[in-house]
Amino acid sequence: MSERSVSKQRDGKRWYDLIAPEQFDRTELGSTFADEPDKVYGRTVEVTLGDITGDQGENNTKLTFKVNDVSSDAAYTEFVKHELARDYVRSLVRRGASKVDVAITVLTTDDYRVQLQPVAFTTKKADRNQEKAIRRVMIDLVREAAAERTFDELIDSVIEGRLSSAIYGDAKTIYPLRRVEVQKLTLEARPEEVAAEEEAAVDVDEGDIAVDDA
């Protein structure tokens, strides 16, 4: 009997394999230890994109997954965050140039609320109007991307670099750019959570309606 099998039986605890969503080919992300399945729910695991693809060149991209389902020996996860390593982002900053970023919260076609933070690095110092125009391009293209894509499709667009390439293509006409990245994507609310918030907002609005008892 292996050490891991023995450890599974000790004190009623066992190992659960952490499994990525189907979008990431059900890759095993690691393992976690618990004495009850309920204690595994909600746990998070952070890996690099390189861990999943086997490409060390993608180790600057961090992915976070959260357990949302548990079986007898496996814990299945959902994607909750994409983030570039801070050291990598700092390495892109150049003296005498501009770093232009913005945070945009959007709703995908399947009602996931997501916040994205694109960032552009210029070749030289841009003025305020140019920076404002670049941010406008970022906001418009991120909103457009979300309005046309499901949550999974939006993740793919970010990870594969298609969204940052689209921003680069439009924003470089405003001021020469060296690079554009999406430095962070965060899942803020799932469809059921968005629906509950909207229902609560409607209840509040109805409660504010004045009633004439006369």
# chains A, B, ... in the order shown; residues from 1 in each chain; ligands from 1

$ select_by_dssp --residues "stretch 20-152 of chain A" --states "strand (DSSP E)" --output "ChimeraX atom specification"
/A:28-34,44-48,61-70,74-84,99-101,104-107,113-122

$ select_by_dssp --residues "stretch 9-195 of chain A" --states "helix (DSSP H, G or I)" --output "VMD selection string"
chain A and resid 9 to 12 22 to 24 37 to 39 49 to 53 56 to 58 86 to 91 128 to 148 151 to 159 162 to 171 191 to 195

$ residues_around --residues "stretch 101-108 of chain A" --least-positions-apart "3" --cutoff "10 Å" --atoms "only C-alpha atoms" --output "mmCIF file with all heavy atoms, in the first residue's frame"
data_model
loop_
_atom_site.group_PDB
_atom_site.id
_atom_site.type_symbol
_atom_site.label_atom_id
_atom_site.label_comp_id
_atom_site.auth_asym_id
_atom_site.auth_seq_id
_atom_site.Cartn_x
_atom_site.Cartn_y
_atom_site.Cartn_z
ATOM 1 N N SER A 98 4.786 55.789 -21.198
ATOM 2 C CA SER A 98 3.546 55.783 -20.421
ATOM 3 C C SER A 98 3.012 54.367 -20.240
ATOM 4 O O SER A 98 3.125 53.525 -21.137
ATOM 5 C CB SER A 98 2.469 56.624 -21.113
ATOM 6 O OG SER A 98 2.848 57.978 -21.202
ATOM 7 N N ASP A 111 -24.297 35.763 -18.959
ATOM 8 C CA ASP A 111 -24.576 36.450 -17.686
ATOM 9 C C ASP A 111 -23.561 36.223 -16.572
ATOM 10 O O ASP A 111 -23.921 36.203 -15.389
ATOM 11 C CB ASP A 111 -25.980 36.096 -17.180
ATOM 12 C CG ASP A 111 -27.076 36.668 -18.073
ATOM 13 O OD1 ASP A 111 -26.837 37.715 -18.712
ATOM 14 O OD2 ASP A 111 -28.159 36.068 -18.154
ATOM 15 N N TYR A 112 -22.309 36.096 -16.916
ATOM 16 C CA TYR A 112 -21.232 36.138 -15.919
ATOM 17 C C TYR A 112 -20.727 37.574 -15.840
ATOM 18 O O TYR A 112 -20.496 38.205 -16.874
ATOM 19 C CB TYR A 112 -20.065 35.232 -16.317
ATOM 20 C CG TYR A 112 -20.313 33.765 -16.086
ATOM 21 C CD1 TYR A 112 -21.031 33.003 -17.004
ATOM 22 C CD2 TYR A 112 -19.803 33.129 -14.950
ATOM 23 C CE1 TYR A 112 -21.250 31.647 -16.801
ATOM 24 C CE2 TYR A 112 -20.010 31.767 -14.741
ATOM 25 C CZ TYR A 112 -20.734 31.038 -15.668
ATOM 26 O OH TYR A 112 -20.948 29.700 -15.463
ATOM 27 N N ARG A 113 -20.598 38.097 -14.617
ATOM 28 C CA ARG A 113 -20.028 39.441 -14.471
ATOM 29 C C ARG A 113 -18.532 39.306 -14.223
ATOM 30 O O ARG A 113 -18.092 38.594 -13.329
ATOM 31 C CB ARG A 113 -20.685 40.199 -13.318
ATOM 32 C CG ARG A 113 -20.264 41.672 -13.315
ATOM 33 C CD ARG A 113 -21.072 42.524 -12.363
ATOM 34 N NE ARG A 113 -20.801 42.205 -10.965
ATOM 35 C CZ ARG A 113 -21.733 41.864 -10.086
ATOM 36 N NH1 ARG A 113 -23.001 41.758 -10.452
ATOM 37 N NH2 ARG A 113 -21.403 41.626 -8.831
ATOM 38 N N VAL A 114 -17.771 40.005 -15.049
ATOM 39 C CA VAL A 114 -16.319 39.868 -15.060
ATOM 40 C C VAL A 114 -15.665 41.247 -15.056
ATOM 41 O O VAL A 114 -16.168 42.169 -15.701
ATOM 42 C CB VAL A 114 -15.853 39.102 -16.328
ATOM 43 C CG1 VAL A 114 -14.366 38.838 -16.291
ATOM 44 C CG2 VAL A 114 -16.622 37.794 -16.473
ATOM 45 N N GLN A 115 -14.561 41.386 -14.336
ATOM 46 C CA GLN A 115 -13.779 42.613 -14.432
ATOM 47 C C GLN A 115 -12.483 42.316 -15.165
ATOM 48 O O GLN A 115 -11.780 41.347 -14.852
ATOM 49 C CB GLN A 115 -13.443 43.195 -13.055
ATOM 50 C CG GLN A 115 -12.736 44.554 -13.171
ATOM 51 C CD GLN A 115 -12.318 45.137 -11.844
ATOM 52 O OE1 GLN A 115 -11.224 44.879 -11.361
ATOM 53 N NE2 GLN A 115 -13.202 45.938 -11.248
ATOM 54 N N LEU A 116 -12.165 43.143 -16.163
ATOM 55 C CA LEU A 116 -10.927 43.026 -16.920
ATOM 56 C C LEU A 116 -10.095 44.281 -16.743
ATOM 57 O O LEU A 116 -10.646 45.384 -16.651
ATOM 58 C CB LEU A 116 -11.204 42.811 -18.409
ATOM 59 C CG LEU A 116 -11.878 41.498 -18.798
ATOM 60 C CD1 LEU A 116 -13.386 41.665 -18.827
ATOM 61 C CD2 LEU A 116 -11.370 40.999 -20.155
ATOM 62 N N GLN A 117 -8.771 44.101 -16.715
ATOM 63 C CA GLN A 117 -7.865 45.234 -16.561
ATOM 64 C C GLN A 117 -6.791 45.184 -17.649
ATOM 65 O O GLN A 117 -5.715 44.622 -17.453
ATOM 66 C CB GLN A 117 -7.215 45.209 -15.176
ATOM 67 C CG GLN A 117 -8.199 45.364 -14.037
ATOM 68 C CD GLN A 117 -7.534 45.323 -12.679
ATOM 69 O OE1 GLN A 117 -6.369 45.664 -12.529
ATOM 70 N NE2 GLN A 117 -8.277 44.887 -11.676
ATOM 71 N N PRO A 118 -7.088 45.769 -18.819
ATOM 72 C CA PRO A 118 -6.068 45.848 -19.865
ATOM 73 C C PRO A 118 -5.043 46.928 -19.538
ATOM 74 O O PRO A 118 -5.332 47.865 -18.783
ATOM 75 C CB PRO A 118 -6.872 46.203 -21.118
ATOM 76 C CG PRO A 118 -8.089 46.894 -20.588
ATOM 77 C CD PRO A 118 -8.379 46.301 -19.246
ATOM 78 N N VAL A 119 -3.849 46.795 -20.100
ATOM 79 C CA VAL A 119 -2.794 47.784 -19.885
ATOM 80 C C VAL A 119 -2.004 47.934 -21.187
ATOM 81 O O VAL A 119 -1.731 46.948 -21.874
ATOM 82 C CB VAL A 119 -1.860 47.373 -18.719
ATOM 83 C CG1 VAL A 119 -1.249 45.996 -18.955
ATOM 84 C CG2 VAL A 119 -0.774 48.414 -18.479
ATOM 85 N N ALA A 120 -1.678 49.179 -21.511
ATOM 86 C CA ALA A 120 -0.901 49.462 -22.721
ATOM 87 C C ALA A 120 0.390 50.183 -22.330
ATOM 88 O O ALA A 120 0.391 51.037 -21.434
ATOM 89 C CB ALA A 120 -1.711 50.329 -23.683
ATOM 90 N N PHE A 121 1.464 49.848 -23.019
ATOM 91 C CA PHE A 121 2.768 50.470 -22.781
ATOM 92 C C PHE A 121 3.181 51.195 -24.052
ATOM 93 O O PHE A 121 3.285 50.588 -25.119
ATOM 94 C CB PHE A 121 3.810 49.413 -22.406
ATOM 95 C CG PHE A 121 3.448 48.623 -21.182
ATOM 96 C CD1 PHE A 121 2.700 47.460 -21.285
ATOM 97 C CD2 PHE A 121 3.829 49.058 -19.923
ATOM 98 C CE1 PHE A 121 2.351 46.734 -20.152
ATOM 99 C CE2 PHE A 121 3.491 48.345 -18.781
ATOM 100 C CZ PHE A 121 2.752 47.185 -18.900
ATOM 101 N N GLU A 131 -3.660 59.429 -23.661
ATOM 102 C CA GLU A 131 -3.930 58.361 -22.696
ATOM 103 C C GLU A 131 -5.437 58.140 -22.547
ATOM 104 O O GLU A 131 -5.907 56.999 -22.472
ATOM 105 C CB GLU A 131 -3.304 58.704 -21.340
ATOM 106 C CG GLU A 131 -1.785 58.645 -21.338
ATOM 107 C CD GLU A 131 -1.196 58.908 -19.961
ATOM 108 O OE1 GLU A 131 -1.986 59.107 -19.002
ATOM 109 O OE2 GLU A 131 0.046 58.892 -19.821
ATOM 110 N N LYS A 132 -6.184 59.231 -22.508
ATOM 111 C CA LYS A 132 -7.636 59.134 -22.394
ATOM 112 C C LYS A 132 -8.230 58.427 -23.608
ATOM 113 O O LYS A 132 -9.139 57.591 -23.476
ATOM 114 C CB LYS A 132 -8.242 60.538 -22.252
ATOM 115 C CG LYS A 132 -9.749 60.550 -22.056
ATOM 116 C CD LYS A 132 -10.266 61.973 -21.865
ATOM 117 C CE LYS A 132 -11.776 61.988 -21.675
ATOM 118 N NZ LYS A 132 -12.289 63.378 -21.489
ATOM 119 N N ILE A 134 -6.698 56.252 -25.541
ATOM 120 C CA ILE A 134 -6.316 54.836 -25.482
ATOM 121 C C ILE A 134 -7.238 54.085 -24.519
ATOM 122 O O ILE A 134 -7.693 52.966 -24.810
ATOM 123 C CB ILE A 134 -4.844 54.688 -25.057
ATOM 124 C CG1 ILE A 134 -3.922 55.194 -26.173
ATOM 125 C CG2 ILE A 134 -4.516 53.221 -24.733
ATOM 126 C CD1 ILE A 134 -2.466 55.296 -25.772
ATOM 127 N N ARG A 135 -7.531 54.702 -23.379
ATOM 128 C CA ARG A 135 -8.458 54.070 -22.429
ATOM 129 C C ARG A 135 -9.844 53.889 -23.049
ATOM 130 O O ARG A 135 -10.514 52.878 -22.807
ATOM 131 C CB ARG A 135 -8.568 54.908 -21.152
ATOM 132 C CG ARG A 135 -7.353 54.835 -20.254
ATOM 133 C CD ARG A 135 -7.622 55.422 -18.876
ATOM 134 N NE ARG A 135 -6.402 55.394 -18.075
ATOM 135 C CZ ARG A 135 -5.528 56.393 -18.001
ATOM 136 N NH1 ARG A 135 -5.755 57.510 -18.679
ATOM 137 N NH2 ARG A 135 -4.445 56.275 -17.278
ATOM 138 N N ARG A 136 -10.273 54.845 -23.834
ATOM 139 C CA ARG A 136 -11.574 54.751 -24.493
ATOM 140 C C ARG A 136 -11.615 53.544 -25.426
ATOM 141 O O ARG A 136 -12.618 52.808 -25.474
ATOM 142 C CB ARG A 136 -11.844 56.036 -25.275
ATOM 143 C CG ARG A 136 -13.217 56.132 -25.929
ATOM 144 C CD ARG A 136 -14.281 56.379 -24.884
ATOM 145 N NE ARG A 136 -15.013 55.167 -24.543
ATOM 146 C CZ ARG A 136 -15.839 55.079 -23.512
ATOM 147 N NH1 ARG A 136 -16.025 56.103 -22.707
ATOM 148 N NH2 ARG A 136 -16.481 53.946 -23.261
ATOM 149 N N MET A 138 -9.789 50.827 -25.097
ATOM 150 C CA MET A 138 -9.813 49.643 -24.230
ATOM 151 C C MET A 138 -11.230 49.348 -23.760
ATOM 152 O O MET A 138 -11.712 48.208 -23.839
ATOM 153 C CB MET A 138 -8.911 49.870 -23.012
ATOM 154 C CG MET A 138 -7.430 49.909 -23.297
ATOM 155 S SD MET A 138 -6.529 50.292 -21.768
ATOM 156 C CE MET A 138 -4.835 50.058 -22.304
ATOM 157 N N ILE A 139 -11.903 50.379 -23.248
ATOM 158 C CA ILE A 139 -13.257 50.210 -22.715
ATOM 159 C C ILE A 139 -14.208 49.713 -23.804
ATOM 160 O O ILE A 139 -14.971 48.758 -23.597
ATOM 161 C CB ILE A 139 -13.768 51.530 -22.119
ATOM 162 C CG1 ILE A 139 -12.967 51.882 -20.859
ATOM 163 C CG2 ILE A 139 -15.256 51.449 -21.796
ATOM 164 C CD1 ILE A 139 -13.197 53.292 -20.342
ATOM 165 N N ASP A 140 -14.154 50.344 -24.977
ATOM 166 C CA ASP A 140 -15.061 49.975 -26.062
ATOM 167 C C ASP A 140 -14.834 48.539 -26.532
ATOM 168 O O ASP A 140 -15.796 47.777 -26.731
ATOM 169 C CB ASP A 140 -14.891 50.932 -27.244
ATOM 170 C CG ASP A 140 -15.439 52.325 -26.944
ATOM 171 O OD1 ASP A 140 -16.180 52.469 -25.949
ATOM 172 O OD2 ASP A 140 -15.102 53.264 -27.696
ATOM 173 N N VAL A 142 -13.313 46.011 -24.898
ATOM 174 C CA VAL A 142 -13.626 45.022 -23.856
ATOM 175 C C VAL A 142 -15.141 44.828 -23.779
ATOM 176 O O VAL A 142 -15.632 43.690 -23.686
ATOM 177 C CB VAL A 142 -13.055 45.461 -22.490
ATOM 178 C CG1 VAL A 142 -13.645 44.622 -21.364
ATOM 179 C CG2 VAL A 142 -11.540 45.321 -22.490
ATOM 180 N N ARG A 143 -15.886 45.917 -23.807
ATOM 181 C CA ARG A 143 -17.350 45.803 -23.767
ATOM 182 C C ARG A 143 -17.874 45.053 -24.991
ATOM 183 O O ARG A 143 -18.783 44.219 -24.889
ATOM 184 C CB ARG A 143 -17.975 47.194 -23.696
ATOM 185 C CG ARG A 143 -17.831 47.852 -22.323
ATOM 186 C CD ARG A 143 -18.391 49.259 -22.314
ATOM 187 N NE ARG A 143 -18.358 49.844 -20.964
ATOM 188 C CZ ARG A 143 -18.603 51.113 -20.687
ATOM 189 N NH1 ARG A 143 -18.913 51.953 -21.675
ATOM 190 N NH2 ARG A 143 -18.559 51.560 -19.445
ATOM 191 N N GLU A 144 -17.303 45.341 -26.125
ATOM 192 C CA GLU A 144 -17.712 44.662 -27.356
ATOM 193 C C GLU A 144 -17.400 43.171 -27.280
ATOM 194 O O GLU A 144 -18.223 42.329 -27.675
ATOM 195 C CB GLU A 144 -16.979 45.292 -28.546
ATOM 196 C CG GLU A 144 -17.306 44.675 -29.890
ATOM 197 C CD GLU A 144 -16.503 45.316 -31.008
ATOM 198 O OE1 GLU A 144 -16.511 46.561 -31.095
ATOM 199 O OE2 GLU A 144 -15.854 44.586 -31.772
ATOM 200 N N ALA A 145 -16.221 42.835 -26.754
ATOM 201 C CA ALA A 145 -15.827 41.429 -26.630
ATOM 202 C C ALA A 145 -16.782 40.668 -25.726
ATOM 203 O O ALA A 145 -17.188 39.539 -26.023
ATOM 204 C CB ALA A 145 -14.400 41.333 -26.095
ATOM 205 N N ALA A 146 -17.151 41.274 -24.599
ATOM 206 C CA ALA A 146 -18.062 40.618 -23.656
ATOM 207 C C ALA A 146 -19.463 40.473 -24.238
ATOM 208 O O ALA A 146 -20.138 39.460 -24.021
ATOM 209 C CB ALA A 146 -18.115 41.401 -22.352
ATOM 210 N N ALA A 147 -19.900 41.487 -24.979
ATOM 211 C CA ALA A 147 -21.251 41.466 -25.552
ATOM 212 C C ALA A 147 -21.410 40.396 -26.624
ATOM 213 O O ALA A 147 -22.536 40.004 -26.951
ATOM 214 C CB ALA A 147 -21.584 42.834 -26.148
ATOM 215 N N GLU A 148 -20.283 39.883 -27.136
ATOM 216 C CA GLU A 148 -20.326 38.898 -28.219
ATOM 217 C C GLU A 148 -19.884 37.502 -27.783
ATOM 218 O O GLU A 148 -19.916 36.566 -28.584
ATOM 219 C CB GLU A 148 -19.415 39.353 -29.365
ATOM 220 C CG GLU A 148 -19.839 40.651 -30.020
ATOM 221 C CD GLU A 148 -18.832 41.132 -31.052
ATOM 222 O OE1 GLU A 148 -17.711 40.574 -31.099
ATOM 223 O OE2 GLU A 148 -19.164 42.074 -31.797
ATOM 224 N N ARG A 149 -19.491 37.350 -26.514
ATOM 225 C CA ARG A 149 -18.883 36.089 -26.088
ATOM 226 C C ARG A 149 -19.475 35.552 -24.784
ATOM 227 O O ARG A 149 -19.899 36.311 -23.923
ATOM 228 C CB ARG A 149 -17.369 36.266 -25.899
ATOM 229 C CG ARG A 149 -16.609 36.493 -27.196
ATOM 230 C CD ARG A 149 -15.147 36.870 -26.927
ATOM 231 N NE ARG A 149 -14.378 36.950 -28.156
ATOM 232 C CZ ARG A 149 -14.368 38.003 -28.956
ATOM 233 N NH1 ARG A 149 -15.112 39.067 -28.660
ATOM 234 N NH2 ARG A 149 -13.635 38.004 -30.056
ATOM 235 N N THR A 150 -19.425 34.229 -24.647
ATOM 236 C CA THR A 150 -19.724 33.605 -23.366
ATOM 237 C C THR A 150 -18.527 33.795 -22.444
ATOM 238 O O THR A 150 -17.460 34.262 -22.875
ATOM 239 C CB THR A 150 -19.986 32.098 -23.525
ATOM 240 O OG1 THR A 150 -18.765 31.467 -23.979
ATOM 241 C CG2 THR A 150 -21.096 31.828 -24.524
ATOM 242 N N PHE A 151 -18.697 33.423 -21.185
ATOM 243 C CA PHE A 151 -17.608 33.523 -20.215
ATOM 244 C C PHE A 151 -16.385 32.731 -20.687
ATOM 245 O O PHE A 151 -15.262 33.259 -20.702
ATOM 246 C CB PHE A 151 -18.092 33.014 -18.857
ATOM 247 C CG PHE A 151 -17.062 33.033 -17.770
ATOM 248 C CD1 PHE A 151 -16.362 34.189 -17.462
ATOM 249 C CD2 PHE A 151 -16.807 31.887 -17.030
ATOM 250 C CE1 PHE A 151 -15.412 34.209 -16.441
ATOM 251 C CE2 PHE A 151 -15.861 31.895 -16.002
ATOM 252 C CZ PHE A 151 -15.165 33.058 -15.713
ATOM 253 N N ASP A 152 -16.595 31.485 -21.090
ATOM 254 C CA ASP A 152 -15.475 30.656 -21.553
ATOM 255 C C ASP A 152 -14.798 31.261 -22.777
ATOM 256 O O ASP A 152 -13.565 31.246 -22.893
ATOM 257 C CB ASP A 152 -15.951 29.236 -21.881
ATOM 258 C CG ASP A 152 -16.264 28.417 -20.638
ATOM 259 O OD1 ASP A 152 -15.976 28.882 -19.521
ATOM 260 O OD2 ASP A 152 -16.796 27.282 -20.787
ATOM 261 N N GLU A 153 -15.596 31.782 -23.695
ATOM 262 C CA GLU A 153 -15.035 32.381 -24.909
ATOM 263 C C GLU A 153 -14.235 33.635 -24.584
ATOM 264 O O GLU A 153 -13.195 33.899 -25.210
ATOM 265 C CB GLU A 153 -16.149 32.701 -25.898
ATOM 266 C CG GLU A 153 -16.794 31.467 -26.514
ATOM 267 C CD GLU A 153 -18.071 31.778 -27.265
ATOM 268 O OE1 GLU A 153 -18.613 32.905 -27.114
ATOM 269 O OE2 GLU A 153 -18.555 30.897 -28.007
ATOM 270 N N LEU A 154 -14.699 34.403 -23.608
ATOM 271 C CA LEU A 154 -13.966 35.612 -23.218
ATOM 272 C C LEU A 154 -12.626 35.236 -22.578
ATOM 273 O O LEU A 154 -11.596 35.869 -22.858
ATOM 274 C CB LEU A 154 -14.806 36.433 -22.240
ATOM 275 C CG LEU A 154 -14.230 37.796 -21.834
ATOM 276 C CD1 LEU A 154 -14.067 38.702 -23.052
ATOM 277 C CD2 LEU A 154 -15.125 38.467 -20.793
ATOM 278 N N VAL A 180 0.573 45.614 -25.501
ATOM 279 C CA VAL A 180 -0.706 45.654 -24.792
ATOM 280 C C VAL A 180 -0.944 44.273 -24.179
ATOM 281 O O VAL A 180 -0.717 43.247 -24.830
ATOM 282 C CB VAL A 180 -1.877 46.008 -25.737
ATOM 283 C CG1 VAL A 180 -3.214 45.850 -25.013
ATOM 284 C CG2 VAL A 180 -1.738 47.429 -26.266
ATOM 285 N N GLU A 181 -1.388 44.259 -22.933
ATOM 286 C CA GLU A 181 -1.703 43.014 -22.244
ATOM 287 C C GLU A 181 -3.028 43.185 -21.499
ATOM 288 O O GLU A 181 -3.444 44.304 -21.198
ATOM 289 C CB GLU A 181 -0.621 42.652 -21.209
ATOM 290 C CG GLU A 181 0.765 42.411 -21.778
ATOM 291 C CD GLU A 181 0.965 40.976 -22.243
ATOM 292 O OE1 GLU A 181 -0.039 40.224 -22.317
ATOM 293 O OE2 GLU A 181 2.108 40.610 -22.539
ATOM 294 N N VAL A 182 -3.682 42.070 -21.197
ATOM 295 C CA VAL A 182 -4.763 42.085 -20.215
ATOM 296 C C VAL A 182 -4.124 41.572 -18.929
ATOM 297 O O VAL A 182 -3.830 40.397 -18.806
ATOM 298 C CB VAL A 182 -5.949 41.198 -20.632
ATOM 299 C CG1 VAL A 182 -6.996 41.163 -19.509
ATOM 300 C CG2 VAL A 182 -6.577 41.717 -21.922
ATOM 301 N N GLN A 183 -3.854 42.505 -18.005
ATOM 302 C CA GLN A 183 -3.069 42.118 -16.831
ATOM 303 C C GLN A 183 -3.889 41.358 -15.792
ATOM 304 O O GLN A 183 -3.331 40.643 -14.955
ATOM 305 C CB GLN A 183 -2.415 43.328 -16.188
ATOM 306 C CG GLN A 183 -3.353 44.407 -15.691
ATOM 307 C CD GLN A 183 -2.605 45.597 -15.104
ATOM 308 O OE1 GLN A 183 -1.428 45.492 -14.764
ATOM 309 N NE2 GLN A 183 -3.258 46.734 -14.993
ATOM 310 N N LYS A 184 -5.225 41.471 -15.881
ATOM 311 C CA LYS A 184 -6.045 40.754 -14.903
ATOM 312 C C LYS A 184 -7.467 40.572 -15.426
ATOM 313 O O LYS A 184 -8.025 41.457 -16.057
ATOM 314 C CB LYS A 184 -6.069 41.532 -13.579
ATOM 315 C CG LYS A 184 -6.600 40.757 -12.392
ATOM 316 C CD LYS A 184 -6.386 41.573 -11.113
ATOM 317 C CE LYS A 184 -6.803 40.821 -9.871
ATOM 318 N NZ LYS A 184 -6.580 41.615 -8.625
ATOM 319 N N LEU A 185 -8.017 39.393 -15.154
ATOM 320 C CA LEU A 185 -9.425 39.101 -15.420
ATOM 321 C C LEU A 185 -9.957 38.382 -14.189
ATOM 322 O O LEU A 185 -9.386 37.387 -13.758
ATOM 323 C CB LEU A 185 -9.587 38.234 -16.666
ATOM 324 C CG LEU A 185 -11.014 37.822 -17.089
ATOM 325 C CD1 LEU A 185 -11.056 37.501 -18.582
ATOM 326 C CD2 LEU A 185 -11.534 36.622 -16.297
ATOM 327 N N THR A 186 -11.034 38.891 -13.624
ATOM 328 C CA THR A 186 -11.578 38.316 -12.396
ATOM 329 C C THR A 186 -13.059 38.045 -12.530
ATOM 330 O O THR A 186 -13.821 38.911 -12.985
ATOM 331 C CB THR A 186 -11.369 39.280 -11.197
ATOM 332 O OG1 THR A 186 -9.993 39.646 -11.119
ATOM 333 C CG2 THR A 186 -11.791 38.613 -9.888
ATOM 334 N N LEU A 187 -13.479 36.837 -12.159
ATOM 335 C CA LEU A 187 -14.898 36.512 -12.105
ATOM 336 C C LEU A 187 -15.494 37.178 -10.869
ATOM 337 O O LEU A 187 -15.081 36.896 -9.745
ATOM 338 C CB LEU A 187 -15.097 34.993 -12.031
ATOM 339 C CG LEU A 187 -16.525 34.512 -11.767
ATOM 340 C CD1 LEU A 187 -17.452 34.945 -12.894
ATOM 341 C CD2 LEU A 187 -16.552 32.998 -11.588
ATOM 342 N N GLU A 188 -16.462 38.071 -11.073
ATOM 343 C CA GLU A 188 -17.080 38.776 -9.953
ATOM 344 C C GLU A 188 -18.390 38.134 -9.513
ATOM 345 O O GLU A 188 -18.716 38.130 -8.325
ATOM 346 C CB GLU A 188 -17.336 40.238 -10.323
ATOM 347 C CG GLU A 188 -16.063 41.062 -10.460
ATOM 348 C CD GLU A 188 -16.333 42.552 -10.470
ATOM 349 O OE1 GLU A 188 -17.491 42.949 -10.741
ATOM 350 O OE2 GLU A 188 -15.400 43.316 -10.188
ATOM 351 N N ALA A 189 -19.169 37.608 -10.468
ATOM 352 C CA ALA A 189 -20.446 36.996 -10.102
ATOM 353 C C ALA A 189 -20.887 36.012 -11.181
ATOM 354 O O ALA A 189 -20.728 36.269 -12.371
ATOM 355 C CB ALA A 189 -21.513 38.067 -9.898
ATOM 356 N N ARG A 190 -21.454 34.889 -10.740
ATOM 357 C CA ARG A 190 -21.997 33.888 -11.643
ATOM 358 C C ARG A 190 -23.424 34.285 -12.029
ATOM 359 O O ARG A 190 -24.031 35.138 -11.379
ATOM 360 C CB ARG A 190 -21.971 32.514 -10.966
ATOM 361 C CG ARG A 190 -20.560 32.064 -10.616
ATOM 362 C CD ARG A 190 -20.546 31.047 -9.488
ATOM 363 N NE ARG A 190 -19.162 30.820 -9.025
ATOM 364 C CZ ARG A 190 -18.527 31.639 -8.183
ATOM 365 N NH1 ARG A 190 -19.124 32.718 -7.709
ATOM 366 N NH2 ARG A 190 -17.288 31.364 -7.819
ATOM 367 N N PRO A 191 -24.004 33.632 -13.045
ATOM 368 C CA PRO A 191 -25.344 34.022 -13.500
ATOM 369 C C PRO A 191 -26.402 34.019 -12.395
ATOM 370 O O PRO A 191 -27.216 34.937 -12.311
ATOM 371 C CB PRO A 191 -25.657 32.970 -14.569
ATOM 372 C CG PRO A 191 -24.320 32.597 -15.112
ATOM 373 C CD PRO A 191 -23.393 32.632 -13.935
ATOM 374 N N VAL A 194 -25.861 37.067 -10.251
ATOM 375 C CA VAL A 194 -26.291 38.275 -10.955
ATOM 376 C C VAL A 194 -27.816 38.385 -10.922
ATOM 377 O O VAL A 194 -28.374 39.451 -10.649
ATOM 378 C CB VAL A 194 -25.793 38.259 -12.421
ATOM 379 C CG1 VAL A 194 -26.417 39.399 -13.215
ATOM 380 C CG2 VAL A 194 -24.270 38.355 -12.462
#

$ closest_residue --among "A:Asp170, A:Asp51, A:Glu83, A:Asp127" --to "A:Leu29" --atoms "only C-alpha atoms"
A:Asp51

$ atom_distance --atom1 "atom CA of A:Thr27" --atom2 "atom CA of A:Thr64"
13.3 Å

$ atom_distance --atom1 "atom CA of A:Ala20" --atom2 "atom CA of A:His82"
13.7 Å
